Amino acid sequence: NLETLATTAGWALPDLRGAILLLEAVDCMPGLTDRMLTLLAKGGHLAGVAGIAVGQFTLKSPEKAEKIVDLVRDHLYRLGVPVLGGLPFGHGMRAQSVRLGAMARLDADAGSLIVEG
């Protein structure tokens, strides 16, 4: 969860080098989303990630959805790593579970995230 990541930055967030980072959020407004992604990037917490898988950003206000997608895209593509969005994990309808810490392969060109085990 993006809010949890930002909250733990600097004191409990593990080193993400080599990891595929899964991002999702619940009712996160554009200003807060921008601040949290800026904090993570400028603090160096996203340095060395191998790729990013973006799940559901659920909103009570659907008209904010397009702005959230644009913000997330702008922040993440600056990192120069593969980014795959629209995945069915998070807190939305029919959300699927993803085993954290498992070995995984992300192929943004093919549109696939394969989690092993």
# chains A, B, ... in the order shown; residues from 1 in each chain; ligands from 1

$ residues_around --residues "region 69-76 of chain A" --least-positions-apart "6" --cutoff "8 Å" --atoms "only C-alpha atoms" --output "number ranges by chain"
A: 30, 33-34, 37-38, 52, 83

$ closest_atom_pairs --of "region 20-43 of chain A" --to "region 104-110 of chain A" --cutoff "12 Å" --atoms "only C-alpha atoms" --output "tab-separated table"
residue	atom	partner	partner_atom	distance
A:Ile20	CA	A:Leu106	CA	7.5
A:Leu21	CA	A:Leu106	CA	10.2
A:Leu22	CA	A:Leu106	CA	10.8

$ atom_distance --atom1 "CA of Arg94 (chain A)" --atom2 "CA of Gln56 (chain A)"
10.3 Å

$ atom_distance --atom1 "CA of Ala6 (chain A)" --atom2 "CA of Met36 (chain A)"
5.6 Å

$ atom_distance --atom1 "CA of Gly86 (chain A)" --atom2 "CA of Glu24 (chain A)"
10.0 Å

$ select_by_dssp --residues "region 27-107 of chain A" --states "helix (DSSP H, G or I)" --output "PDB file with N, CA and C atoms, in the first residue's frame"
ATOM      1  N   PRO A  30      -5.200  12.926  -5.277  1.00  0.00           N
ATOM      2  CA  PRO A  30      -4.047  13.291  -6.107  1.00  0.00           C
ATOM      3  C   PRO A  30      -2.916  13.996  -5.357  1.00  0.00           C
ATOM      4  N   GLY A  31      -3.223  14.960  -4.522  1.00  0.00           N
ATOM      5  CA  GLY A  31      -2.168  15.686  -3.798  1.00  0.00           C
ATOM      6  C   GLY A  31      -1.368  14.776  -2.884  1.00  0.00           C
ATOM      7  N   LEU A  32      -2.051  13.906  -2.168  1.00  0.00           N
ATOM      8  CA  LEU A  32      -1.373  12.968  -1.266  1.00  0.00           C
ATOM      9  C   LEU A  32      -0.555  11.955  -2.063  1.00  0.00           C
ATOM     10  N   THR A  33      -1.108  11.463  -3.153  1.00  0.00           N
ATOM     11  CA  THR A  33      -0.392  10.514  -4.016  1.00  0.00           C
ATOM     12  C   THR A  33       0.900  11.138  -4.517  1.00  0.00           C
ATOM     13  N   ASP A  34       0.822  12.384  -4.992  1.00  0.00           N
ATOM     14  CA  ASP A  34       1.993  13.099  -5.486  1.00  0.00           C
ATOM     15  C   ASP A  34       3.038  13.263  -4.383  1.00  0.00           C
ATOM     16  N   ARG A  35       2.611  13.656  -3.187  1.00  0.00           N
ATOM     17  CA  ARG A  35       3.548  13.845  -2.069  1.00  0.00           C
ATOM     18  C   ARG A  35       4.236  12.545  -1.678  1.00  0.00           C
ATOM     19  N   MET A  36       3.478  11.457  -1.609  1.00  0.00           N
ATOM     20  CA  MET A  36       4.062  10.184  -1.193  1.00  0.00           C
ATOM     21  C   MET A  36       5.055   9.661  -2.226  1.00  0.00           C
ATOM     22  N   LEU A  37       4.713   9.746  -3.510  1.00  0.00           N
ATOM     23  CA  LEU A  37       5.635   9.291  -4.550  1.00  0.00           C
ATOM     24  C   LEU A  37       6.882  10.174  -4.611  1.00  0.00           C
ATOM     25  N   THR A  38       6.708  11.473  -4.406  1.00  0.00           N
ATOM     26  CA  THR A  38       7.852  12.391  -4.372  1.00  0.00           C
ATOM     27  C   THR A  38       8.762  12.057  -3.190  1.00  0.00           C
ATOM     28  N   LEU A  39       8.189  11.821  -2.024  1.00  0.00           N
ATOM     29  CA  LEU A  39       8.960  11.464  -0.832  1.00  0.00           C
ATOM     30  C   LEU A  39       9.773  10.195  -1.074  1.00  0.00           C
ATOM     31  N   LEU A  40       9.152   9.180  -1.630  1.00  0.00           N
ATOM     32  CA  LEU A  40       9.850   7.918  -1.872  1.00  0.00           C
ATOM     33  C   LEU A  40      10.975   8.076  -2.891  1.00  0.00           C
ATOM     34  N   ALA A  41      10.718   8.824  -3.961  1.00  0.00           N
ATOM     35  CA  ALA A  41      11.731   9.007  -5.005  1.00  0.00           C
ATOM     36  C   ALA A  41      12.873   9.898  -4.530  1.00  0.00           C
ATOM     37  N   LYS A  42      12.556  11.064  -3.973  1.00  0.00           N
ATOM     38  CA  LYS A  42      13.600  11.998  -3.553  1.00  0.00           C
ATOM     39  C   LYS A  42      14.395  11.476  -2.368  1.00  0.00           C
ATOM     40  N   PRO A  62     -14.594   8.824  -8.394  1.00  0.00           N
ATOM     41  CA  PRO A  62     -14.123   8.327  -9.688  1.00  0.00           C
ATOM     42  C   PRO A  62     -13.546   9.410 -10.603  1.00  0.00           C
ATOM     43  N   GLU A  63     -13.999  10.649 -10.461  1.00  0.00           N
ATOM     44  CA  GLU A  63     -13.483  11.717 -11.331  1.00  0.00           C
ATOM     45  C   GLU A  63     -12.004  12.014 -11.056  1.00  0.00           C
ATOM     46  N   LYS A  64     -11.485  11.561  -9.930  1.00  0.00           N
ATOM     47  CA  LYS A  64     -10.063  11.751  -9.613  1.00  0.00           C
ATOM     48  C   LYS A  64      -9.191  10.648 -10.217  1.00  0.00           C
ATOM     49  N   ALA A  65      -9.798   9.581 -10.701  1.00  0.00           N
ATOM     50  CA  ALA A  65      -9.058   8.416 -11.178  1.00  0.00           C
ATOM     51  C   ALA A  65      -8.071   8.749 -12.290  1.00  0.00           C
ATOM     52  N   GLU A  66      -8.478   9.524 -13.275  1.00  0.00           N
ATOM     53  CA  GLU A  66      -7.587   9.848 -14.389  1.00  0.00           C
ATOM     54  C   GLU A  66      -6.375  10.627 -13.905  1.00  0.00           C
ATOM     55  N   LYS A  67      -6.578  11.555 -12.987  1.00  0.00           N
ATOM     56  CA  LYS A  67      -5.461  12.340 -12.452  1.00  0.00           C
ATOM     57  C   LYS A  67      -4.487  11.444 -11.682  1.00  0.00           C
ATOM     58  N   ILE A  68      -5.015  10.498 -10.915  1.00  0.00           N
ATOM     59  CA  ILE A  68      -4.169   9.562 -10.164  1.00  0.00           C
ATOM     60  C   ILE A  68      -3.330   8.727 -11.136  1.00  0.00           C
ATOM     61  N   VAL A  69      -3.953   8.207 -12.184  1.00  0.00           N
ATOM     62  CA  VAL A  69      -3.228   7.403 -13.171  1.00  0.00           C
ATOM     63  C   VAL A  69      -2.103   8.216 -13.793  1.00  0.00           C
ATOM     64  N   ASP A  70      -2.380   9.469 -14.162  1.00  0.00           N
ATOM     65  CA  ASP A  70      -1.354  10.338 -14.747  1.00  0.00           C
ATOM     66  C   ASP A  70      -0.208  10.599 -13.769  1.00  0.00           C
ATOM     67  N   LEU A  71      -0.537  10.874 -12.509  1.00  0.00           N
ATOM     68  CA  LEU A  71       0.493  11.116 -11.489  1.00  0.00           C
ATOM     69  C   LEU A  71       1.393   9.903 -11.292  1.00  0.00           C
ATOM     70  N   VAL A  72       0.778   8.753 -11.139  1.00  0.00           N
ATOM     71  CA  VAL A  72       1.540   7.521 -10.919  1.00  0.00           C
ATOM     72  C   VAL A  72       2.424   7.251 -12.133  1.00  0.00           C
ATOM     73  N   ARG A  73       1.869   7.377 -13.323  1.00  0.00           N
ATOM     74  CA  ARG A  73       2.639   7.142 -14.547  1.00  0.00           C
ATOM     75  C   ARG A  73       3.838   8.086 -14.614  1.00  0.00           C
ATOM     76  N   ASP A  74       3.602   9.380 -14.392  1.00  0.00           N
ATOM     77  CA  ASP A  74       4.683  10.369 -14.477  1.00  0.00           C
ATOM     78  C   ASP A  74       5.810  10.069 -13.489  1.00  0.00           C
ATOM     79  N   HIS A  75       5.460   9.781 -12.257  1.00  0.00           N
ATOM     80  CA  HIS A  75       6.475   9.497 -11.233  1.00  0.00           C
ATOM     81  C   HIS A  75       7.251   8.223 -11.540  1.00  0.00           C
ATOM     82  N   LEU A  76       6.551   7.165 -11.903  1.00  0.00           N
ATOM     83  CA  LEU A  76       7.205   5.870 -12.057  1.00  0.00           C
ATOM     84  C   LEU A  76       8.042   5.759 -13.319  1.00  0.00           C
ATOM     85  N   TYR A  77       7.591   6.335 -14.412  1.00  0.00           N
ATOM     86  CA  TYR A  77       8.366   6.227 -15.649  1.00  0.00           C
ATOM     87  C   TYR A  77       9.678   6.992 -15.576  1.00  0.00           C
TER      88      TYR A  77
END

$ closest_residue --among "A:Leu2, A:Ala102, A:Val54, A:Val115" --to "Phe89 (chain A)" --atoms "only C-alpha atoms"
A:Val54

$ select_by_dssp --residues "chain A" --states "strand (DSSP E or B)" --output "JSON, numbers by chain"
{"A": [20, 21, 22, 23, 24, 25, 26, 51, 52, 53, 54, 55, 56, 57, 58, 83, 84, 104, 105, 106, 107, 112, 113, 114, 115]}

$ closest_residue --among "A:Pro14, A:Gly90, A:Gly111, A:Gly101" --to "Leu59 (chain A)" --atoms "only C-alpha atoms"
A:Gly90

$ closest_residue --among "A:Leu16, A:Leu5, A:Leu100, A:Val26" --to "Thr58 (chain A)" --atoms "only C-alpha atoms"
A:Val26

$ residues_around --residues "Asn1 (chain A)" --least-positions-apart "2" --cutoff "6 Å" --atoms "only C-alpha atoms" --output "MDAnalysis selection string"
chainID A and resid 3:4 23:25
